[in-house]
Amino acid sequence: MGGIAEASREALWVSLQIGGPLLVLMLVVGLVVAVFQALTQVNEASLSFLPKMAALAVALILLTPFFTGVLRGYAQTLFEMIIQVGSRP
């Protein structure tokens with residue numbers, strides 16, 4: 001039972017590590033665009049959408065090695081847990 005709880009806790013931590021930076025980036029870009037729109041009184045829908053997509057694309061390109069490392073570490077831990085369970089008498 002402890003292995004399931006450990007694997008679940010680790011899965012939540014991995015999802016936070018992968019999703020967290022992207023969500024924070026989208027929040028910051030959204031706030032900057034909202035302040036810019038409020039200051040200039042320009043209310044264009046594409047002005048709020050395109051910078052977020054561009055920032056997301058750049059972040060995904062730059063953070064892909066980190067994401068790969070996190071997922072690789074999680075998979076390795078999960079497989080080691082499976083081996084430990086399988087080797088028990």
# chains A, B, ... in the order shown; residues from 1 in each chain; ligands from 1
$ residues_around --residues "A:Ala57" --least-positions-apart "6" --cutoff "12 Å" --atoms "only C-alpha atoms" --output "list in words"
Leu22, Leu25, Met26, Leu50, Pro51, Leu63 and Thr64 of chain A
$ atom_distance --atom1 "atom CA of A:Phe67" --atom2 "atom CA of A:Gly30"
23.0 Å
$ closest_residue --among "A:Leu60, A:Ala45, A:Val85, A:Leu71" --to "A:Ile4" --atoms "only C-alpha atoms"
A:Val85
$ residues_around --residues "A:Ala7" --least-positions-apart "2" --cutoff "9 Å" --atoms "only C-alpha atoms" --output "MDAnalysis selection string"
chainID A and resid 2:5 9:12 74 77:78 81
$ write_last_selection --atoms "C-alpha atoms" --output "mmCIF file, in the first residue's frame"
data_model
loop_
_atom_site.group_PDB
_atom_site.id
_atom_site.type_symbol
_atom_site.label_atom_id
_atom_site.label_comp_id
_atom_site.auth_asym_id
_atom_site.auth_seq_id
_atom_site.Cartn_x
_atom_site.Cartn_y
_atom_site.Cartn_z
ATOM 1 C CA GLY A 2 2.901 2.343 0.723
ATOM 2 C CA GLY A 3 4.208 1.916 -2.815
ATOM 3 C CA ILE A 4 0.940 3.111 -4.323
ATOM 4 C CA ALA A 5 0.908 6.191 -2.114
ATOM 5 C CA ARG A 9 2.764 11.437 -4.529
ATOM 6 C CA GLU A 10 5.589 11.292 -7.042
ATOM 7 C CA ALA A 11 3.120 11.583 -9.952
ATOM 8 C CA LEU A 12 1.616 14.727 -8.436
ATOM 9 C CA TYR A 74 9.872 9.379 -12.668
ATOM 10 C CA THR A 77 11.594 5.293 -10.085
ATOM 11 C CA LEU A 78 8.305 3.724 -11.109
ATOM 12 C CA MET A 81 9.148 0.097 -7.623
#
$ atom_distance --atom1 "atom CA of A:Ser48" --atom2 "atom CA of A:Val29"
8.7 Å
$ residues_around --residues "A:Gly69" --least-positions-apart "6" --cutoff "12 Å" --atoms "only C-alpha atoms" --output "MDAnalysis selection string"
chainID A and resid 14 17:18 63 75:76
$ write_last_selection --atoms "N, CA and C atoms" --output "PDB file, in the first residue's frame"
ATOM      1  N   VAL A  14       5.601  15.354 -10.140  1.00  0.00           N
ATOM      2  CA  VAL A  14       6.051  15.463 -11.532  1.00  0.00           C
ATOM      3  C   VAL A  14       5.103  16.365 -12.324  1.00  0.00           C
ATOM      4  N   GLN A  17       5.890  19.869 -11.444  1.00  0.00           N
ATOM      5  CA  GLN A  17       7.143  20.316 -12.047  1.00  0.00           C
ATOM      6  C   GLN A  17       6.990  20.613 -13.535  1.00  0.00           C
ATOM      7  N   ILE A  18       6.157  19.855 -14.212  1.00  0.00           N
ATOM      8  CA  ILE A  18       5.999  20.054 -15.647  1.00  0.00           C
ATOM      9  C   ILE A  18       4.996  21.166 -15.942  1.00  0.00           C
ATOM     10  N   LEU A  63      12.431  24.378 -22.300  1.00  0.00           N
ATOM     11  CA  LEU A  63      12.271  23.511 -21.138  1.00  0.00           C
ATOM     12  C   LEU A  63      12.140  22.024 -21.470  1.00  0.00           C
ATOM     13  N   ALA A  75       9.887   7.774 -14.480  1.00  0.00           N
ATOM     14  CA  ALA A  75       9.709   6.444 -15.059  1.00  0.00           C
ATOM     15  C   ALA A  75      10.696   5.460 -14.455  1.00  0.00           C
ATOM     16  N   GLN A  76      11.926   5.886 -14.251  1.00  0.00           N
ATOM     17  CA  GLN A  76      12.928   5.005 -13.652  1.00  0.00           C
ATOM     18  C   GLN A  76      12.522   4.614 -12.232  1.00  0.00           C
TER      19      GLN A  76
END
$ decode --residues "stretch 23-42 of chain A" --atoms "N, CA and C atoms" --output "PDB file, in the first residue's frame"
ATOM      1  N   LEU A  23       2.367  27.292 -16.468  1.00  0.00           N
ATOM      2  CA  LEU A  23       1.222  28.056 -15.959  1.00  0.00           C
ATOM      3  C   LEU A  23       1.649  29.411 -15.415  1.00  0.00           C
ATOM      4  N   VAL A  24       2.779  29.448 -14.712  1.00  0.00           N
ATOM      5  CA  VAL A  24       3.274  30.726 -14.189  1.00  0.00           C
ATOM      6  C   VAL A  24       3.652  31.653 -15.339  1.00  0.00           C
ATOM      7  N   LEU A  25       4.282  31.106 -16.363  1.00  0.00           N
ATOM      8  CA  LEU A  25       4.636  31.921 -17.532  1.00  0.00           C
ATOM      9  C   LEU A  25       3.393  32.499 -18.198  1.00  0.00           C
ATOM     10  N   MET A  26       2.365  31.673 -18.380  1.00  0.00           N
ATOM     11  CA  MET A  26       1.129  32.163 -18.996  1.00  0.00           C
ATOM     12  C   MET A  26       0.472  33.242 -18.129  1.00  0.00           C
ATOM     13  N   LEU A  27       0.547  33.090 -16.817  1.00  0.00           N
ATOM     14  CA  LEU A  27      -0.006  34.095 -15.910  1.00  0.00           C
ATOM     15  C   LEU A  27       0.727  35.421 -16.057  1.00  0.00           C
ATOM     16  N   VAL A  28       2.049  35.365 -16.098  1.00  0.00           N
ATOM     17  CA  VAL A  28       2.843  36.596 -16.215  1.00  0.00           C
ATOM     18  C   VAL A  28       2.603  37.267 -17.563  1.00  0.00           C
ATOM     19  N   VAL A  29       2.607  36.489 -18.636  1.00  0.00           N
ATOM     20  CA  VAL A  29       2.369  37.063 -19.966  1.00  0.00           C
ATOM     21  C   VAL A  29       0.968  37.655 -20.035  1.00  0.00           C
ATOM     22  N   GLY A  30      -0.022  36.966 -19.481  1.00  0.00           N
ATOM     23  CA  GLY A  30      -1.390  37.487 -19.471  1.00  0.00           C
ATOM     24  C   GLY A  30      -1.510  38.793 -18.710  1.00  0.00           C
ATOM     25  N   LEU A  31      -0.823  38.880 -17.564  1.00  0.00           N
ATOM     26  CA  LEU A  31      -0.859  40.120 -16.792  1.00  0.00           C
ATOM     27  C   LEU A  31      -0.180  41.269 -17.534  1.00  0.00           C
ATOM     28  N   VAL A  32       0.942  40.982 -18.166  1.00  0.00           N
ATOM     29  CA  VAL A  32       1.642  42.035 -18.925  1.00  0.00           C
ATOM     30  C   VAL A  32       0.776  42.525 -20.075  1.00  0.00           C
ATOM     31  N   VAL A  33       0.159  41.626 -20.794  1.00  0.00           N
ATOM     32  CA  VAL A  33      -0.706  42.001 -21.913  1.00  0.00           C
ATOM     33  C   VAL A  33      -1.923  42.770 -21.406  1.00  0.00           C
ATOM     34  N   ALA A  34      -2.487  42.357 -20.280  1.00  0.00           N
ATOM     35  CA  ALA A  34      -3.648  43.057 -19.726  1.00  0.00           C
ATOM     36  C   ALA A  34      -3.287  44.478 -19.300  1.00  0.00           C
ATOM     37  N   VAL A  35      -2.125  44.636 -18.694  1.00  0.00           N
ATOM     38  CA  VAL A  35      -1.688  45.991 -18.309  1.00  0.00           C
ATOM     39  C   VAL A  35      -1.446  46.831 -19.552  1.00  0.00           C
ATOM     40  N   PHE A  36      -0.832  46.246 -20.578  1.00  0.00           N
ATOM     41  CA  PHE A  36      -0.598  46.976 -21.822  1.00  0.00           C
ATOM     42  C   PHE A  36      -1.917  47.396 -22.469  1.00  0.00           C
ATOM     43  N   GLN A  37      -2.888  46.475 -22.472  1.00  0.00           N
ATOM     44  CA  GLN A  37      -4.187  46.814 -23.052  1.00  0.00           C
ATOM     45  C   GLN A  37      -4.893  47.891 -22.236  1.00  0.00           C
ATOM     46  N   ALA A  38      -4.750  47.850 -20.922  1.00  0.00           N
ATOM     47  CA  ALA A  38      -5.388  48.860 -20.089  1.00  0.00           C
ATOM     48  C   ALA A  38      -4.738  50.232 -20.279  1.00  0.00           C
ATOM     49  N   LEU A  39      -3.424  50.240 -20.435  1.00  0.00           N
ATOM     50  CA  LEU A  39      -2.729  51.516 -20.601  1.00  0.00           C
ATOM     51  C   LEU A  39      -2.993  52.139 -21.973  1.00  0.00           C
ATOM     52  N   THR A  40      -3.059  51.331 -22.992  1.00  0.00           N
ATOM     53  CA  THR A  40      -3.227  51.858 -24.345  1.00  0.00           C
ATOM     54  C   THR A  40      -4.675  51.840 -24.809  1.00  0.00           C
ATOM     55  N   GLN A  41      -5.562  51.230 -24.057  1.00  0.00           N
ATOM     56  CA  GLN A  41      -6.975  51.099 -24.390  1.00  0.00           C
ATOM     57  C   GLN A  41      -7.187  50.398 -25.735  1.00  0.00           C
ATOM     58  N   VAL A  42      -6.287  49.452 -26.008  1.00  0.00           N
ATOM     59  CA  VAL A  42      -6.410  48.628 -27.211  1.00  0.00           C
ATOM     60  C   VAL A  42      -7.006  47.303 -26.771  1.00  0.00           C
TER      61      VAL A  42
END
